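Shown here: upload.cif, mmCIF, C-alpha atoms.
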```
data_input
loop_
_atom_site.label_atom_id
_atom_site.label_comp_id
_atom_site.auth_asym_id
_atom_site.auth_seq_id
_atom_site.Cartn_x
_atom_site.Cartn_y
_atom_site.Cartn_z
CA MET A 1 -0.34 -3.37 -7.35
CA ALA A 2 -3.99 -4.44 -7.49
CA GLN A 3 -5.08 -1.19 -5.89
CA ILE A 4 -3.12 0.85 -8.45
CA HIS A 5 -4.96 -0.96 -11.24
CA PHE A 6 -8.41 -0.63 -9.69
CA SER A 7 -7.89 3.05 -8.79
CA GLY A 8 -7.18 3.75 -12.45
CA GLU A 9 -10.15 1.60 -13.46
CA GLN A 10 -12.47 3.67 -11.22
CA LEU A 11 -11.22 6.82 -12.94
CA GLY A 12 -11.66 5.31 -16.39
CA ALA A 13 -7.92 5.33 -17.02
CA GLU A 14 -5.87 2.77 -18.90
CA SER A 15 -3.99 0.47 -16.50
CA THR A 16 -0.31 1.24 -16.02
CA LEU A 17 2.55 -1.06 -16.99
CA PRO A 18 5.42 -1.95 -14.63
CA TYR A 19 8.18 0.61 -15.07
CA LEU A 20 10.70 -2.07 -16.04
CA SER A 21 8.39 -3.62 -18.66
CA PRO A 22 9.94 -3.60 -22.15
CA GLU A 23 6.49 -2.59 -23.44
CA LEU A 24 6.63 0.74 -21.59
CA GLN A 25 7.72 2.82 -24.54
CA GLY A 26 6.47 5.78 -26.55
CA GLU A 27 2.86 6.80 -25.97
CA ARG A 28 2.41 4.16 -23.24
CA LEU A 29 4.70 6.28 -21.04
CA LEU A 30 2.07 9.02 -21.01
CA VAL A 31 -0.43 6.73 -19.25
CA GLY A 32 1.85 6.45 -16.21
CA ALA A 33 3.87 3.61 -14.71
CA ASN A 34 3.81 1.16 -11.83
CA PHE A 35 7.02 1.33 -9.77
CA ALA A 36 5.89 -1.11 -7.07
CA SER A 37 7.94 -4.09 -5.91
CA ALA A 38 6.66 -6.83 -3.61
CA GLY A 39 8.30 -7.15 -0.19
CA VAL A 40 9.80 -3.67 0.12
CA GLY A 41 9.32 -1.35 3.04
CA ILE A 42 10.13 2.08 4.36
CA LEU A 43 13.47 0.78 5.63
CA ASN A 44 16.22 -0.60 3.40
CA ASP A 45 16.71 -3.65 5.64
CA THR A 46 13.08 -4.70 5.17
CA GLY A 47 12.71 -7.67 2.83
CA ILE A 48 16.38 -8.68 2.92
CA GLN A 49 15.23 -12.30 2.63
CA PHE A 50 13.89 -11.60 -0.89
CA LEU A 51 16.04 -11.51 -4.00
CA ASN A 52 15.79 -8.81 -6.68
CA ILE A 53 13.36 -6.49 -4.92
CA VAL A 54 13.37 -2.83 -5.94
CA ARG A 55 13.78 -0.77 -2.78
CA ILE A 56 11.86 2.45 -2.33
CA SER A 57 14.97 4.62 -2.86
CA THR A 58 15.43 2.96 -6.28
CA GLN A 59 11.73 3.34 -7.07
CA LEU A 60 12.06 7.08 -6.49
CA GLN A 61 15.09 7.13 -8.80
CA PHE A 62 13.00 5.33 -11.41
CA PHE A 63 10.25 7.93 -10.98
CA GLU A 64 12.80 10.65 -11.71
CA GLN A 65 14.16 8.67 -14.66
CA TYR A 66 10.61 8.17 -15.94
CA GLN A 67 10.12 11.94 -16.09
CA THR A 68 13.30 12.32 -18.13
CA ARG A 69 12.03 9.73 -20.60
CA VAL A 70 8.63 11.43 -20.87
CA SER A 71 10.23 14.85 -21.38
CA THR A 72 12.01 13.57 -24.52
CA LEU A 73 8.52 12.84 -25.90
CA ILE A 74 6.55 15.93 -24.89
CA GLY A 75 9.05 18.42 -23.48
CA ALA A 76 9.89 19.47 -19.93
CA ASP A 77 6.94 21.83 -19.34
CA ARG A 78 4.27 19.36 -20.43
CA THR A 79 5.98 16.61 -18.45
CA GLN A 80 5.90 18.70 -15.29
CA ARG A 81 2.19 19.37 -15.81
CA LEU A 82 1.53 15.67 -16.48
CA VAL A 83 3.31 14.65 -13.26
CA ASN A 84 1.70 17.44 -11.20
CA GLU A 85 -1.76 16.29 -12.33
CA ALA A 86 -1.10 12.56 -11.89
CA LEU A 87 -2.66 10.51 -9.12
CA VAL A 88 0.04 8.61 -7.21
CA LEU A 89 -0.63 5.68 -4.87
CA ILE A 90 2.00 4.66 -2.31
CA THR A 91 1.65 1.83 0.20
CA LEU A 92 4.44 1.22 2.70
CA GLY A 93 4.73 0.03 6.28
CA GLY A 94 3.20 -3.43 6.52
CA ASN A 95 6.37 -5.19 5.37
CA ASP A 96 8.40 -3.24 7.92
CA PHE A 97 6.49 -5.16 10.56
CA VAL A 98 5.90 -8.65 9.11
CA ASN A 99 9.10 -8.87 7.03
CA ASN A 100 11.37 -7.07 9.48
CA TYR A 101 10.44 -6.40 13.12
CA TYR A 102 8.35 -9.58 13.56
CA LEU A 103 10.07 -11.70 10.91
CA VAL A 104 11.96 -13.79 13.46
CA PRO A 105 11.97 -13.82 17.26
CA PHE A 106 14.50 -11.34 18.66
CA SER A 107 15.03 -9.67 15.25
CA ALA A 108 17.66 -6.95 15.01
CA ARG A 109 15.01 -4.20 14.89
CA SER A 110 13.06 -5.64 17.86
CA ARG A 111 16.26 -5.60 19.90
CA GLN A 112 16.94 -2.02 18.81
CA PHE A 113 13.43 -0.56 19.34
CA SER A 114 10.34 -1.09 21.45
CA ILE A 115 7.28 -1.21 19.17
CA PRO A 116 6.15 2.39 20.00
CA ASN A 117 9.64 3.70 19.25
CA TYR A 118 9.88 1.60 16.09
CA VAL A 119 6.58 3.08 14.84
CA ARG A 120 7.86 6.60 15.48
CA TYR A 121 11.06 5.77 13.59
CA LEU A 122 9.10 4.36 10.63
CA ILE A 123 6.89 7.45 10.46
CA SER A 124 9.91 9.79 10.51
CA GLU A 125 11.54 7.81 7.66
CA TYR A 126 8.29 7.65 5.69
CA ARG A 127 7.98 11.43 5.95
CA LYS A 128 11.31 11.77 4.11
CA ILE A 129 10.03 9.51 1.33
CA LEU A 130 6.85 11.55 0.89
CA ALA A 131 8.80 14.82 0.96
CA ARG A 132 11.02 13.41 -1.82
CA LEU A 133 7.92 12.47 -3.84
CA PHE A 134 6.73 16.05 -3.50
CA ASP A 135 10.15 17.36 -4.59
CA LEU A 136 9.87 15.12 -7.67
CA GLY A 137 6.60 16.80 -8.67
CA ALA A 138 3.86 14.60 -7.17
CA ARG A 139 0.92 16.78 -6.14
CA ARG A 140 -1.89 14.27 -5.57
CA VAL A 141 -0.71 11.27 -3.53
CA ILE A 142 -2.83 8.59 -1.86
CA VAL A 143 -0.93 7.24 1.16
CA THR A 144 -2.40 3.98 2.45
CA GLY A 145 -1.76 2.73 5.96
CA THR A 146 -1.27 -0.88 6.96
CA GLY A 147 -4.14 -3.32 7.01
CA PRO A 148 -5.01 -5.44 10.07
CA LEU A 149 -1.60 -7.12 10.31
CA GLY A 150 -2.64 -9.55 13.04
CA CYS A 151 -5.75 -10.81 11.25
CA VAL A 152 -4.31 -12.05 7.94
CA PRO A 153 -4.46 -15.85 7.44
CA ALA A 154 -0.65 -16.12 7.63
CA GLU A 155 -0.66 -14.73 11.16
CA LEU A 156 -3.71 -16.76 12.21
CA ALA A 157 -1.88 -19.90 11.06
CA THR A 158 1.23 -19.14 13.12
CA ARG A 159 -0.02 -17.12 16.11
CA SER A 160 -3.70 -17.97 16.68
CA ARG A 161 -5.14 -20.73 18.85
CA ALA A 162 -8.79 -20.38 17.87
CA GLY A 163 -8.92 -17.93 14.96
CA GLU A 164 -8.39 -14.76 16.99
CA CYS A 165 -6.23 -11.96 15.59
CA SER A 166 -2.72 -11.49 16.97
CA ALA A 167 -3.00 -8.77 19.61
CA GLU A 168 0.69 -7.86 19.24
CA LEU A 169 0.49 -7.22 15.50
CA GLN A 170 -2.87 -5.47 15.80
CA LEU A 171 -1.31 -3.13 18.36
CA ALA A 172 1.49 -2.32 15.90
CA ALA A 173 -1.07 -1.43 13.21
CA ALA A 174 -3.16 0.54 15.71
CA LEU A 175 -0.09 2.61 16.65
CA TYR A 176 1.13 3.09 13.09
CA ASN A 177 -2.02 4.18 11.24
CA PRO A 178 -3.06 7.20 13.39
CA GLN A 179 0.53 8.48 13.43
CA LEU A 180 0.64 8.15 9.64
CA VAL A 181 -2.50 10.28 9.35
CA ASP A 182 -1.01 12.90 11.70
CA MET A 183 2.23 12.95 9.71
CA VAL A 184 0.37 13.34 6.40
CA ASN A 185 -1.75 16.18 7.79
CA GLY A 186 1.39 17.86 9.13
CA LEU A 187 3.10 17.64 5.74
CA ASN A 188 0.02 19.13 4.05
CA SER A 189 0.02 22.01 6.54
CA GLU A 190 3.69 22.64 5.90
CA ILE A 191 3.17 22.62 2.11
CA GLY A 192 -0.04 24.64 2.31
CA ASP A 193 -2.05 22.25 0.14
CA ASN A 194 -3.76 18.86 0.45
CA VAL A 195 -1.12 17.02 -1.56
CA PHE A 196 -1.31 13.82 0.48
CA LEU A 197 -4.52 11.89 1.19
CA ALA A 198 -4.26 9.29 3.97
CA ALA A 199 -6.29 6.12 3.44
CA ASN A 200 -7.12 4.22 6.63
CA ALA A 201 -6.72 0.67 5.28
CA MET A 202 -7.05 -0.73 8.81
CA GLU A 203 -10.63 0.57 9.18
CA MET A 204 -11.52 -0.52 5.64
CA HIS A 205 -10.30 -4.08 6.23
CA MET A 206 -11.77 -4.37 9.72
CA ASP A 207 -15.26 -3.80 8.29
CA PHE A 208 -14.92 -7.09 6.34
CA ILE A 209 -13.09 -8.93 9.12
CA SER A 210 -15.58 -8.01 11.84
CA ASP A 211 -18.64 -8.89 9.74
CA PRO A 212 -17.70 -10.59 6.45
CA GLN A 213 -21.27 -11.73 5.74
CA ALA A 214 -22.48 -8.11 5.66
CA PHE A 215 -20.26 -7.61 2.61
CA GLY A 216 -21.15 -10.89 0.90
CA PHE A 217 -18.11 -12.88 2.05
CA VAL A 218 -18.27 -16.30 3.71
CA THR A 219 -15.04 -15.92 5.68
CA SER A 220 -12.37 -13.42 6.64
CA LYS A 221 -10.13 -16.01 8.28
CA ILE A 222 -9.40 -18.58 5.56
CA ALA A 223 -7.48 -17.55 2.43
CA CYS A 224 -8.83 -18.64 -0.93
CA CYS A 225 -5.43 -20.05 -1.92
CA GLY A 226 -2.76 -21.51 0.38
CA GLN A 227 -1.87 -24.47 2.57
CA GLY A 228 -2.25 -25.52 6.18
CA PRO A 229 -4.49 -23.94 8.85
CA TYR A 230 -6.55 -21.07 7.43
CA ASN A 231 -4.65 -21.66 4.11
CA GLY A 232 -2.13 -19.44 5.85
CA PHE A 233 1.12 -21.12 4.83
CA GLY A 234 3.17 -20.81 1.66
CA LEU A 235 2.62 -19.10 -1.65
CA CYS A 236 -0.34 -19.70 -3.95
CA THR A 237 0.90 -22.49 -6.26
CA THR A 238 -0.49 -25.45 -8.18
CA LEU A 239 -0.05 -27.49 -4.98
CA SER A 240 -2.19 -25.13 -2.89
CA ASN A 241 -5.76 -25.56 -1.73
CA LEU A 242 -7.93 -23.38 -3.95
CA CYS A 243 -11.41 -22.18 -3.05
CA PRO A 244 -14.26 -22.66 -5.57
CA ASN A 245 -15.24 -18.96 -5.59
CA ARG A 246 -12.64 -16.33 -4.73
CA ASN A 247 -15.30 -13.60 -4.58
CA LEU A 248 -16.57 -15.09 -1.30
CA TYR A 249 -13.21 -14.71 0.48
CA VAL A 250 -11.78 -11.55 2.03
CA PHE A 251 -8.24 -12.87 1.50
CA TRP A 252 -6.87 -14.27 -1.74
CA ASP A 253 -3.67 -15.69 -0.24
CA PRO A 254 -2.08 -15.74 3.25
CA PHE A 255 -1.38 -11.98 3.15
CA HIS A 256 -3.31 -10.19 0.42
CA PRO A 257 -6.98 -9.19 0.01
CA SER A 258 -8.99 -10.79 -2.77
CA GLU A 259 -9.84 -8.88 -5.93
CA ARG A 260 -13.35 -8.22 -4.69
CA ALA A 261 -12.08 -6.98 -1.32
CA ASN A 262 -9.64 -4.70 -3.13
CA ARG A 263 -12.47 -3.26 -5.21
CA LEU A 264 -14.41 -2.43 -2.04
CA ILE A 265 -11.31 -0.79 -0.56
CA VAL A 266 -10.86 1.34 -3.67
CA GLU A 267 -14.51 2.42 -3.47
CA GLN A 268 -13.77 3.79 0.01
CA ILE A 269 -10.62 5.52 -1.27
CA MET A 270 -12.68 7.16 -4.01
CA THR A 271 -15.84 8.10 -2.10
CA GLY A 272 -15.39 7.13 1.59
CA SER A 273 -16.08 9.36 4.57
CA THR A 274 -13.43 10.91 6.82
CA LYS A 275 -13.57 7.69 8.86
CA TYR A 276 -11.57 6.18 6.00
CA MET A 277 -9.96 9.11 4.17
CA SER A 278 -8.14 12.15 5.55
CA PRO A 279 -8.49 15.04 4.89
CA MET A 280 -10.92 13.99 2.09
CA ASN A 281 -11.56 11.25 -0.44
CA VAL A 282 -10.17 11.16 -3.97
CA SER A 283 -13.45 12.09 -5.72
CA THR A 284 -13.69 15.26 -3.61
CA ILE A 285 -10.12 16.39 -4.30
CA LEU A 286 -10.51 15.70 -8.03
CA ALA A 287 -13.76 17.69 -8.10
CA LEU A 288 -12.00 20.60 -6.40
CA ASP A 289 -9.13 20.35 -8.89
CA SER A 290 -11.53 20.42 -11.85
CA ARG A 291 -12.97 23.74 -10.62
CA ALA A 292 -9.56 25.34 -10.08
#
```
Would you mind writing the structure in this file as structure tokens?
Amino acid sequence: MAQIHFSGEQLGAESTLPYLSPELQGERLLVGANFASAGVGILNDTGIQFLNIVRISTQLQFFEQYQTRVSTLIGADRTQRLVNEALVLITLGGNDFVNNYYLVPFSARSRQFSIPNYVRYLISEYRKILARLFDLGARRVIVTGTGPLGCVPAELATRSRAGECSAELQLAAALYNPQLVDMVNGLNSEIGDNVFLAANAMEMHMDFISDPQAFGFVTSKIACCGQGPYNGFGLCTTLSNLCPNRNLYVFWDPFHPSERANRLIVEQIMTGSTKYMSPMNVSTILALDSRA
């Protein structure tokens, strides 16, 4: 959700409201909407431990419903143009590992798949989701990969002996992200246009994690807000340890980057090289669109 807000901020756009917000009415609909829900994944059985999450299939239904609501305001043709020209951000995959495959020892999915086969299965299911987004009119979609799953404070607290990243989870991310890029490039080739832009969140995060001081952070291991080793346990609550300056921490809580880290990630999405963005960054595609 933070990245959706900051992406819009970089473009000078008004921030979007959650789709289910009662304030999302009238002219506010024309700004766009945020359909995201914490804890969801590519697979419907991801996040089953959470109540009231909005699964990706329902989010896509809401996106379709949103277009119907907009068309009552401005008509079907203008709505189609609005949606075609919109910038869409979708982030899926991380939860399918931490809140599914690795959630508990001997999870149902880990008994069903080896990790390489599970990654292939996730990518094939994700492709269907992106194809559906295209069918619903999305023509400029940023697809972010997973971050460094094994290096987040939550995993350091449970899996690390001396602050090292979890090799098992890092392998999962290392398998997933390149296959996501290949799948996105294949979809673009099939469509005949660069509809989908793959953002390599793993590379972006690893810059901070490998050398936090180079980016003005004091640590990439300890969360700003949390409990226990590395502040890696629990949610951020009034009972949590809280750092004095969140801008000096790569991670805000046991799982999520801080606001400042998110801003740096969005800068790479907007202007980063092909090391981070494939086939090109957002600024380049928008410049090409403006000349069309």
For this session: Mind giving me the straight-line distance from CA of Asn231 in chain A to CA of Leu156 in chain A in Å, one decimal?
Result: 9.5 Å
Surrounding residues of Asn44 in chain A excluding itself and chain neighbours under 2 positions, 12 Å, all atoms listed in the file, as a CSV table (one decimal) with C-alpha atoms, in the coordinates of the input:
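The file below, result.csv, is the result:
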```
chain,number,residue,atom,x,y,z
A,39,GLY,CA,8.3,-7.2,-0.2
A,40,VAL,CA,9.8,-3.7,0.1
A,41,GLY,CA,9.3,-1.4,3.0
A,42,ILE,CA,10.1,2.1,4.4
A,46,THR,CA,13.1,-4.7,5.2
A,47,GLY,CA,12.7,-7.7,2.8
A,48,ILE,CA,16.4,-8.7,2.9
A,49,GLN,CA,15.2,-12.3,2.6
A,53,ILE,CA,13.4,-6.5,-4.9
A,54,VAL,CA,13.4,-2.8,-5.9
A,55,ARG,CA,13.8,-0.8,-2.8
A,56,ILE,CA,11.9,2.4,-2.3
A,57,SER,CA,15.0,4.6,-2.9
A,58,THR,CA,15.4,3.0,-6.3
A,92,LEU,CA,4.4,1.2,2.7
A,93,GLY,CA,4.7,0.0,6.3
A,95,ASN,CA,6.4,-5.2,5.4
A,96,ASP,CA,8.4,-3.2,7.9
A,99,ASN,CA,9.1,-8.9,7.0
A,100,ASN,CA,11.4,-7.1,9.5
A,122,LEU,CA,9.1,4.4,10.6
A,125,GLU,CA,11.5,7.8,7.7
A,126,TYR,CA,8.3,7.6,5.7
```
For this session: Go through A:Ser273, A:Asn177, A:Asn194, A:Gln227 one by one, measure the shortest atom-to-atom distance of each to Cys243 in chain A using all atoms listed in the file, and give the residue with the smallest value.
Result: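 The closest residue to Cys243 in chain A is A:Gln227.
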Problem set entry | Explicit residue set for the PyMOL selection byres ((chain A and resi 262) around 10), as number ranges by chain | A: 2-3, 6-7, 204-205, 250-251, 256-261, 263-268
Seminar exercise, completed: One decimal place gives the CA of Leu103 in chain A-CA of Phe208 in chain A separation as 25.8 Å
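One finds CA of Met206 in chain A at 15.0 Å from CA of Ile222 in chain A.
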Exercise. Between A:Ile209, A:Cys236, A:Leu87, A:Val119, which has the minimum distance to Cys224 in chain A (counting only C-alpha atoms)?
Worked result: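 Looking at the shortest contact to Cys224 in chain A, the residue is A:Cys236.
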Exercise. Out of A:Leu248, A:Gln65, A:Ala86, A:Ala76, which residue has the shortest atom-to-atom distance to Gly32 in chain A when counting all atoms listed in the file?
Worked result: A:Ala86
Expanded to explicit residues, what is the PyMOL selection byres ((chain A and resi 272) around 12) for this file, as a compact mmCIF listing (two decimals) with C-alpha atoms, keeping the file's coordinate frame?
```txt
# COMPACT_ATOMS: atom_id res chain seq x y z
CA LEU A 197 -4.52 11.89 1.19
CA ALA A 198 -4.26 9.29 3.97
CA ALA A 199 -6.29 6.12 3.44
CA ASN A 200 -7.12 4.22 6.63
CA ALA A 201 -6.72 0.67 5.28
CA GLU A 203 -10.63 0.57 9.18
CA MET A 204 -11.52 -0.52 5.64
CA LEU A 264 -14.41 -2.43 -2.04
CA ILE A 265 -11.31 -0.79 -0.56
CA VAL A 266 -10.86 1.34 -3.67
CA GLU A 267 -14.51 2.42 -3.47
CA GLN A 268 -13.77 3.79 0.01
CA ILE A 269 -10.62 5.52 -1.27
CA MET A 270 -12.68 7.16 -4.01
CA THR A 271 -15.84 8.10 -2.10
CA SER A 273 -16.08 9.36 4.57
CA THR A 274 -13.43 10.91 6.82
CA LYS A 275 -13.57 7.69 8.86
CA TYR A 276 -11.57 6.18 6.00
CA MET A 277 -9.96 9.11 4.17
CA SER A 278 -8.14 12.15 5.55
CA PRO A 279 -8.49 15.04 4.89
CA MET A 280 -10.92 13.99 2.09
CA ASN A 281 -11.56 11.25 -0.44
CA VAL A 282 -10.17 11.16 -3.97
CA SER A 283 -13.45 12.09 -5.72
CA THR A 284 -13.69 15.26 -3.61
```
Taking all listed atoms of range 73-81 of chain A, build the axis-aligned box, pad each of the six sides by 6 Å, then write its centre and edge lengths in Å to one decimal as JSON.
```
{"center_x": 6.0, "center_y": 17.3, "center_z": -20.6, "size_x": 19.7, "size_y": 21.0, "size_z": 22.6}
```
Exercise. Which is closest to Tyr66 in chain A among A:Leu30, A:Ala174, A:Val141, A:Ile285, if we use all atoms listed in the file?
Worked result: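 Checking each candidate against Tyr66 in chain A, we get A:Leu30 as the closest.
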Exercise. Pick the closest to Met183 in chain A from A:Gly234, A:Arg120, A:Ser160, A:Val152: which is it, counting only C-alpha atoms?
Worked result: A:Arg120
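By all atoms listed in the file, and with residues fewer than 6 positions from Leu29 in chain A along its chain excluded, the set lying at most 10 Å from it is Thr16, Leu17, Tyr19, Glu23, Tyr66, Gln67, Arg69, Val70 and Leu73 of chain A.
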For this session: Using only C-alpha atoms, pick whichever of A:Asn185, A:Ser210, A:Thr79, A:Thr158 has the shortest atom-to-atom distance to Tyr102 in chain A.
Result: A:Thr158
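Across the chains present, the PyMOL selection byres ((chain A and resi 161-173) around 7) applied to this file returns A:Ile115, A:Thr146, A:Pro148, A:Leu149, A:Gly150, A:Cys151, A:Glu155, A:Leu156, A:Arg159, A:Ser160, A:Ala174, A:Leu175, A:Tyr176, A:Asn177.
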